[in-house]
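These notes concern the structure reproduced below.
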Amino acid sequence: MTNDMKQRSQIYNGMVKSPNRAMLRATGMTDSDFEKPIVGVISTWAENTPCNIHLHDFGKIVKKGVQDANAWPVQYGTITVADGIAMGTPGMRFSLPSRDIIADSVEAAMGGHNVDAFVAIGGCDKNMPGSVMAMANMDIPAIFAYGGTIAPGNLNGKDIDLVSVFEGIGKWNNGDLTEEEVRQIECNACPGPGGCGGMYTANTMATAIEVLGLSLPGSSSHPAESAEKHADIEEAGRAVVKMLELGIKPSDILTREAFEDAITVTMALGGSTNATLHLLAIAHAANVDLALEDFNDFQERVPHLADLKPSGQYVFQDLYEVGGVPAVMKYLLKNGFLHGDRITCTGKTVAENLEDFADLTPGQKVIMPLDNPKRADGPLIILKGNLAPDGAVAKVSGVKVRNHTGPAKVFDSEEAAIDAVLSDDIVDGDVVVVRYVGPKGGPGMPEMLSLSSMIVGKGQGDKVALLTDGRFSGGTYGLVVGHIAPEAQDGGPIAYLKTGDLVTVDQDTKEITMHVSDQEIEARKKTTVIPPLYQRGVLGKYAHTVSSAAKGAVTDFWNTERSGKK
């Protein structure tokens, strides 16, 4: 260990820093410890959801790895908002803002205490990208450690998960399930700790972060309660000290090629629409040029290979059992889809990391072959048109309808739309539109899993289109389009849509159109009253600072060119 590794914590050296050291001694540091680099250990632990409930214990395991590497670990905590708990409630407005709060709090703690490196442990949709945004902004050696995927629930011999419960509500409302049958699904869907089990947002982002190179190879697909997960959590502590020794920083890893690979694997595995928001936000923090339109370039050339939920039959643990994310990356690398020469947090390149892993298990059925994919192109499509001039995001995996035109039924809240679904006011062919729920309008861009799942549960997933300037859960599937930009709160065209207007969603032409003339839209602008922005507390701050969803819904987007990190 050399003082060269104490790039930041050496500020505590010298006579004038004696008071600082006096306080550090009260935490257990001794003379010999002051010679070691200080490594932050960030836990997003909370007792609010299975995604996060085990992360405090994982923090202790990371600390052991740091200590084994002869560095001094200091554990910190930050907040978490769990989507599954907040979903369909006013609390959902706090979910996306929590991503940026987490990023800011991690950066503040790591910056304020002059740590030399850090490991962040996350297990839920927003604490993962939030942690990585902080890594990019701090640009000191850092590794992300995923808490792991949950084991599948089981009922009557069939695997189930959280989305099964949401869809059960729609089936109950439709008369297809009894109240007791829904209760049985509820009681068996989530058997223990870990992130939601399909290719939903948690597993999507864990995968993307591993592909970017900021997590240890193989770690994203290790289940939460597996021996491999405990081992990779401990190894993260040792590995970040190795990063410090090698002088590798996030800016060395987060290149344009890294984001291209993350998008590629997200397309191949059928990841969440939220990946567009989070990868744009991470790229923004890393000063990497990435635009929403770039996702279509990869959508057109990367086939959808994974038969994973929500649009397939398998869960993420099934992928782990046939080789996990590294096996998928090996397959894609061999076929020319990935950049193998990129550096990662191990100090090795992507190709070198993958040499240590086996290929996909022969005969497995989770990942389909390139010559017979689940879908010939990617499932995440960026749509544009006069309803979404700046873009919108559709996830069309499993959707057989290529073009849908129908009358709009417009709602200014998710609650009003849910009431209409439960009252059977939504009929086949309709285009359900929920607006004023974007980043500013929500505020907080709430997800619509409750609404989308009810539509699917009622058997209308391919018969009713659902459009919003809000978001969808990674567990959502069906004919859904989110992230419509500009949002209604910003005076986007969606604000001037009326019930009865015809709307077309076309995944082949990548268009989303409201069949209303430009003259009529201009006339409606004169009579439409857009509500004022939210004013109070954290949601008020968010509403006044957040960018468009087309820019990643970031809160530090200025209308000037950024000249580089400071």
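Following the order of the structure tokens, chains are lettered A, B, ..., residues in each are numbered from 1, and ligands are numbered from 1.
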
For stretch 266-276 of chain A, work out the shell of residues within 7 Å, counting only C-alpha atoms and skipping chain neighbours fewer than 3 positions away, then give it as a PyMOL selection string.
chain A and resi 199-201+204-205+208+262-263+279-280+299+302-306+378-380+393+395+397+474

Counting only C-alpha atoms, what is within 10 Å of stretch 60-77 of chain A, bar same-chain residues fewer than 6 positions away, as number ranges by chain?
A: 1, 5-6, 27, 29, 33-46, 102, 105-106, 109-110, 113, 115-121, 145, 230-242

Which residues in stretch 280-431 of chain A does DSSP call alpha helix (DSSP H)? List them as a PyMOL selection string.
chain A and resi 280-285+294-301+316-321+324-334+350-354+414-422

A:Arg471, A:Lys498, A:Lys440, A:Lys510: which is nearest A:Pro531, counting only C-alpha atoms?
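Among A:Arg471, A:Lys498, A:Lys440, A:Lys510, it is A:Lys440 that comes nearest to A:Pro531.
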
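Considering the residues A:Gln519, A:Asn173, A:Asn114, A:Thr149 and counting only C-alpha atoms, A:Leu422 has its shortest atom-to-atom contact with A:Asn173.
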
Contacts of stretch 321-324 of chain A within 8 Å, only C-alpha atoms, excl. fewer than 2 positions in-chain, as number ranges by chain
A: 218, 221-222, 317-319, 326-328, 358-361, 364, 366

Those residues with N, CA, C and O atoms, as a PDB file, in the first residue's frame please?
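And here's selection.pdb as it stands now:
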```pdb
ATOM      1  N   GLY A 218     -20.332 -11.265 -14.165  1.00  0.00           N
ATOM      2  CA  GLY A 218     -21.190 -12.328 -13.654  1.00  0.00           C
ATOM      3  C   GLY A 218     -22.061 -11.936 -12.492  1.00  0.00           C
ATOM      4  O   GLY A 218     -23.015 -12.642 -12.164  1.00  0.00           O
ATOM      5  N   SER A 221     -26.254 -11.446 -12.524  1.00  0.00           N
ATOM      6  CA  SER A 221     -27.205 -12.551 -12.611  1.00  0.00           C
ATOM      7  C   SER A 221     -27.131 -13.518 -11.435  1.00  0.00           C
ATOM      8  O   SER A 221     -27.866 -14.505 -11.404  1.00  0.00           O
ATOM      9  N   HIS A 222     -26.284 -13.259 -10.448  1.00  0.00           N
ATOM     10  CA  HIS A 222     -26.252 -14.107  -9.251  1.00  0.00           C
ATOM     11  C   HIS A 222     -27.473 -13.827  -8.370  1.00  0.00           C
ATOM     12  O   HIS A 222     -27.684 -12.698  -7.942  1.00  0.00           O
ATOM     13  N   GLN A 317     -33.552 -15.777 -12.693  1.00  0.00           N
ATOM     14  CA  GLN A 317     -32.811 -16.889 -12.106  1.00  0.00           C
ATOM     15  C   GLN A 317     -32.631 -18.018 -13.123  1.00  0.00           C
ATOM     16  O   GLN A 317     -31.610 -18.720 -13.104  1.00  0.00           O
ATOM     17  N   ASP A 318     -33.583 -18.174 -14.027  1.00  0.00           N
ATOM     18  CA  ASP A 318     -33.437 -19.177 -15.085  1.00  0.00           C
ATOM     19  C   ASP A 318     -32.267 -18.819 -16.002  1.00  0.00           C
ATOM     20  O   ASP A 318     -31.536 -19.710 -16.468  1.00  0.00           O
ATOM     21  N   LEU A 319     -32.081 -17.532 -16.270  1.00  0.00           N
ATOM     22  CA  LEU A 319     -30.942 -17.105 -17.075  1.00  0.00           C
ATOM     23  C   LEU A 319     -29.639 -17.430 -16.362  1.00  0.00           C
ATOM     24  O   LEU A 319     -28.680 -17.935 -16.983  1.00  0.00           O
ATOM     25  N   PRO A 326     -22.852 -13.171 -18.490  1.00  0.00           N
ATOM     26  CA  PRO A 326     -21.596 -13.369 -19.232  1.00  0.00           C
ATOM     27  C   PRO A 326     -21.740 -14.314 -20.422  1.00  0.00           C
ATOM     28  O   PRO A 326     -21.112 -14.091 -21.472  1.00  0.00           O
ATOM     29  N   ALA A 327     -22.559 -15.357 -20.283  1.00  0.00           N
ATOM     30  CA  ALA A 327     -22.750 -16.278 -21.402  1.00  0.00           C
ATOM     31  C   ALA A 327     -23.448 -15.584 -22.573  1.00  0.00           C
ATOM     32  O   ALA A 327     -23.117 -15.835 -23.740  1.00  0.00           O
ATOM     33  N   VAL A 328     -24.406 -14.718 -22.258  1.00  0.00           N
ATOM     34  CA  VAL A 328     -25.075 -13.952 -23.312  1.00  0.00           C
ATOM     35  C   VAL A 328     -24.075 -13.004 -23.971  1.00  0.00           C
ATOM     36  O   VAL A 328     -24.028 -12.876 -25.204  1.00  0.00           O
ATOM     37  N   ALA A 358     -18.225 -19.806 -18.957  1.00  0.00           N
ATOM     38  CA  ALA A 358     -18.687 -20.810 -19.908  1.00  0.00           C
ATOM     39  C   ALA A 358     -19.671 -20.200 -20.891  1.00  0.00           C
ATOM     40  O   ALA A 358     -20.255 -19.139 -20.654  1.00  0.00           O
ATOM     41  N   ASP A 359     -19.865 -20.896 -22.010  1.00  0.00           N
ATOM     42  CA  ASP A 359     -20.888 -20.517 -22.962  1.00  0.00           C
ATOM     43  C   ASP A 359     -22.258 -20.862 -22.409  1.00  0.00           C
ATOM     44  O   ASP A 359     -22.387 -21.532 -21.367  1.00  0.00           O
ATOM     45  N   LEU A 360     -23.299 -20.438 -23.104  1.00  0.00           N
ATOM     46  CA  LEU A 360     -24.657 -20.832 -22.741  1.00  0.00           C
ATOM     47  C   LEU A 360     -24.775 -22.349 -22.700  1.00  0.00           C
ATOM     48  O   LEU A 360     -24.202 -23.048 -23.535  1.00  0.00           O
ATOM     49  N   THR A 361     -25.507 -22.842 -21.726  1.00  0.00           N
ATOM     50  CA  THR A 361     -25.686 -24.284 -21.563  1.00  0.00           C
ATOM     51  C   THR A 361     -26.304 -24.885 -22.826  1.00  0.00           C
ATOM     52  O   THR A 361     -27.339 -24.409 -23.292  1.00  0.00           O
ATOM     53  N   GLN A 364     -30.293 -25.175 -23.790  1.00  0.00           N
ATOM     54  CA  GLN A 364     -31.109 -24.260 -22.983  1.00  0.00           C
ATOM     55  C   GLN A 364     -32.142 -23.547 -23.861  1.00  0.00           C
ATOM     56  O   GLN A 364     -31.955 -23.415 -25.075  1.00  0.00           O
ATOM     57  N   VAL A 366     -33.762 -20.482 -22.642  1.00  0.00           N
ATOM     58  CA  VAL A 366     -33.988 -19.113 -22.159  1.00  0.00           C
ATOM     59  C   VAL A 366     -33.564 -18.095 -23.209  1.00  0.00           C
ATOM     60  O   VAL A 366     -34.256 -17.098 -23.447  1.00  0.00           O
TER      61      VAL A 366
END
```

Applying 9 Å and only C-alpha atoms, which residues near A:Phe557 remain after dropping the ones on its own chain fewer than 3 positions away? List them as a ChimeraX atom specification.
/A:284,545-547,551,553-554,560

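With only C-alpha atoms taken into account, the protein and nucleic acid residues at most 12 Å from A:Gln313 (excluding it and anything under 5 positions from it in its own chain) are Pro152, Lys158, Asp159, Ile160, Asp161, Gly197, Gly198, Met199, Ala306, Asp307, Leu308, Asp318, Leu319, Lys365, Val366, Ile367, Lys374 and Gly398 of chain A.
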
Could you dump the residues just selected with N, CA and C atoms as a PDB file, in the first residue's frame?
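Final file, out00.pdb:
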```pdb
ATOM      1  N   PRO A 152     -38.013 -17.050  -7.894  1.00  0.00           N
ATOM      2  CA  PRO A 152     -39.411 -16.993  -8.320  1.00  0.00           C
ATOM      3  C   PRO A 152     -40.343 -17.517  -7.239  1.00  0.00           C
ATOM      4  N   LYS A 158     -46.532 -23.522 -10.576  1.00  0.00           N
ATOM      5  CA  LYS A 158     -46.228 -22.537 -11.613  1.00  0.00           C
ATOM      6  C   LYS A 158     -45.470 -21.364 -11.007  1.00  0.00           C
ATOM      7  N   ASP A 159     -44.388 -20.931 -11.697  1.00  0.00           N
ATOM      8  CA  ASP A 159     -43.639 -19.768 -11.228  1.00  0.00           C
ATOM      9  C   ASP A 159     -44.493 -18.509 -11.358  1.00  0.00           C
ATOM     10  N   ILE A 160     -44.473 -17.680 -10.321  1.00  0.00           N
ATOM     11  CA  ILE A 160     -45.178 -16.403 -10.336  1.00  0.00           C
ATOM     12  C   ILE A 160     -44.257 -15.332  -9.770  1.00  0.00           C
ATOM     13  N   ASP A 161     -44.641 -14.080  -9.941  1.00  0.00           N
ATOM     14  CA  ASP A 161     -43.859 -12.976  -9.394  1.00  0.00           C
ATOM     15  C   ASP A 161     -44.794 -11.804  -9.100  1.00  0.00           C
ATOM     16  N   GLY A 197     -38.168 -10.412 -10.169  1.00  0.00           N
ATOM     17  CA  GLY A 197     -37.494 -11.532 -10.801  1.00  0.00           C
ATOM     18  C   GLY A 197     -37.471 -11.616 -12.305  1.00  0.00           C
ATOM     19  N   GLY A 198     -38.275 -10.850 -13.028  1.00  0.00           N
ATOM     20  CA  GLY A 198     -38.233 -10.915 -14.479  1.00  0.00           C
ATOM     21  C   GLY A 198     -37.190  -9.963 -15.043  1.00  0.00           C
ATOM     22  N   MET A 199     -37.238  -9.764 -16.362  1.00  0.00           N
ATOM     23  CA  MET A 199     -36.354  -8.772 -16.979  1.00  0.00           C
ATOM     24  C   MET A 199     -37.018  -7.417 -16.828  1.00  0.00           C
ATOM     25  N   ALA A 306     -34.108 -13.113 -25.659  1.00  0.00           N
ATOM     26  CA  ALA A 306     -34.435 -13.695 -24.353  1.00  0.00           C
ATOM     27  C   ALA A 306     -35.929 -13.951 -24.189  1.00  0.00           C
ATOM     28  N   ASP A 307     -36.254 -15.157 -23.798  1.00  0.00           N
ATOM     29  CA  ASP A 307     -37.653 -15.510 -23.526  1.00  0.00           C
ATOM     30  C   ASP A 307     -37.933 -15.279 -22.037  1.00  0.00           C
ATOM     31  N   LEU A 308     -37.719 -14.039 -21.616  1.00  0.00           N
ATOM     32  CA  LEU A 308     -37.841 -13.666 -20.210  1.00  0.00           C
ATOM     33  C   LEU A 308     -39.116 -12.867 -19.963  1.00  0.00           C
ATOM     34  N   ASP A 318     -33.583 -18.174 -14.027  1.00  0.00           N
ATOM     35  CA  ASP A 318     -33.437 -19.177 -15.085  1.00  0.00           C
ATOM     36  C   ASP A 318     -32.267 -18.819 -16.002  1.00  0.00           C
ATOM     37  N   LEU A 319     -32.081 -17.532 -16.270  1.00  0.00           N
ATOM     38  CA  LEU A 319     -30.942 -17.105 -17.075  1.00  0.00           C
ATOM     39  C   LEU A 319     -29.639 -17.430 -16.362  1.00  0.00           C
ATOM     40  N   LYS A 365     -33.206 -23.062 -23.224  1.00  0.00           N
ATOM     41  CA  LYS A 365     -34.300 -22.442 -23.977  1.00  0.00           C
ATOM     42  C   LYS A 365     -34.583 -21.002 -23.552  1.00  0.00           C
ATOM     43  N   VAL A 366     -33.762 -20.482 -22.642  1.00  0.00           N
ATOM     44  CA  VAL A 366     -33.988 -19.113 -22.159  1.00  0.00           C
ATOM     45  C   VAL A 366     -33.564 -18.095 -23.209  1.00  0.00           C
ATOM     46  N   ILE A 367     -32.414 -18.340 -23.837  1.00  0.00           N
ATOM     47  CA  ILE A 367     -31.874 -17.449 -24.871  1.00  0.00           C
ATOM     48  C   ILE A 367     -32.009 -18.138 -26.223  1.00  0.00           C
ATOM     49  N   LYS A 374     -36.451 -14.447 -30.833  1.00  0.00           N
ATOM     50  CA  LYS A 374     -37.826 -14.180 -30.394  1.00  0.00           C
ATOM     51  C   LYS A 374     -38.449 -13.090 -31.258  1.00  0.00           C
ATOM     52  N   GLY A 398     -43.470  -9.164 -27.650  1.00  0.00           N
ATOM     53  CA  GLY A 398     -44.680  -9.945 -27.467  1.00  0.00           C
ATOM     54  C   GLY A 398     -45.929  -9.307 -28.026  1.00  0.00           C
TER      55      GLY A 398
END
```

Please provide the set of residues having any atom within 9 Å of A:Gln184, restricted to only C-alpha atoms, with same-chain residues fewer than 5 positions apart removed, written as a list in words.
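Residues near the query, excluding close chain neighbours: Leu155, Glu179 and Ala189 of chain A.
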
Taking into account only C-alpha atoms, which residue in the set A:Ile484, A:Leu290, A:Ala227, A:Ala82 is nearest to A:Arg256?
A:Leu290
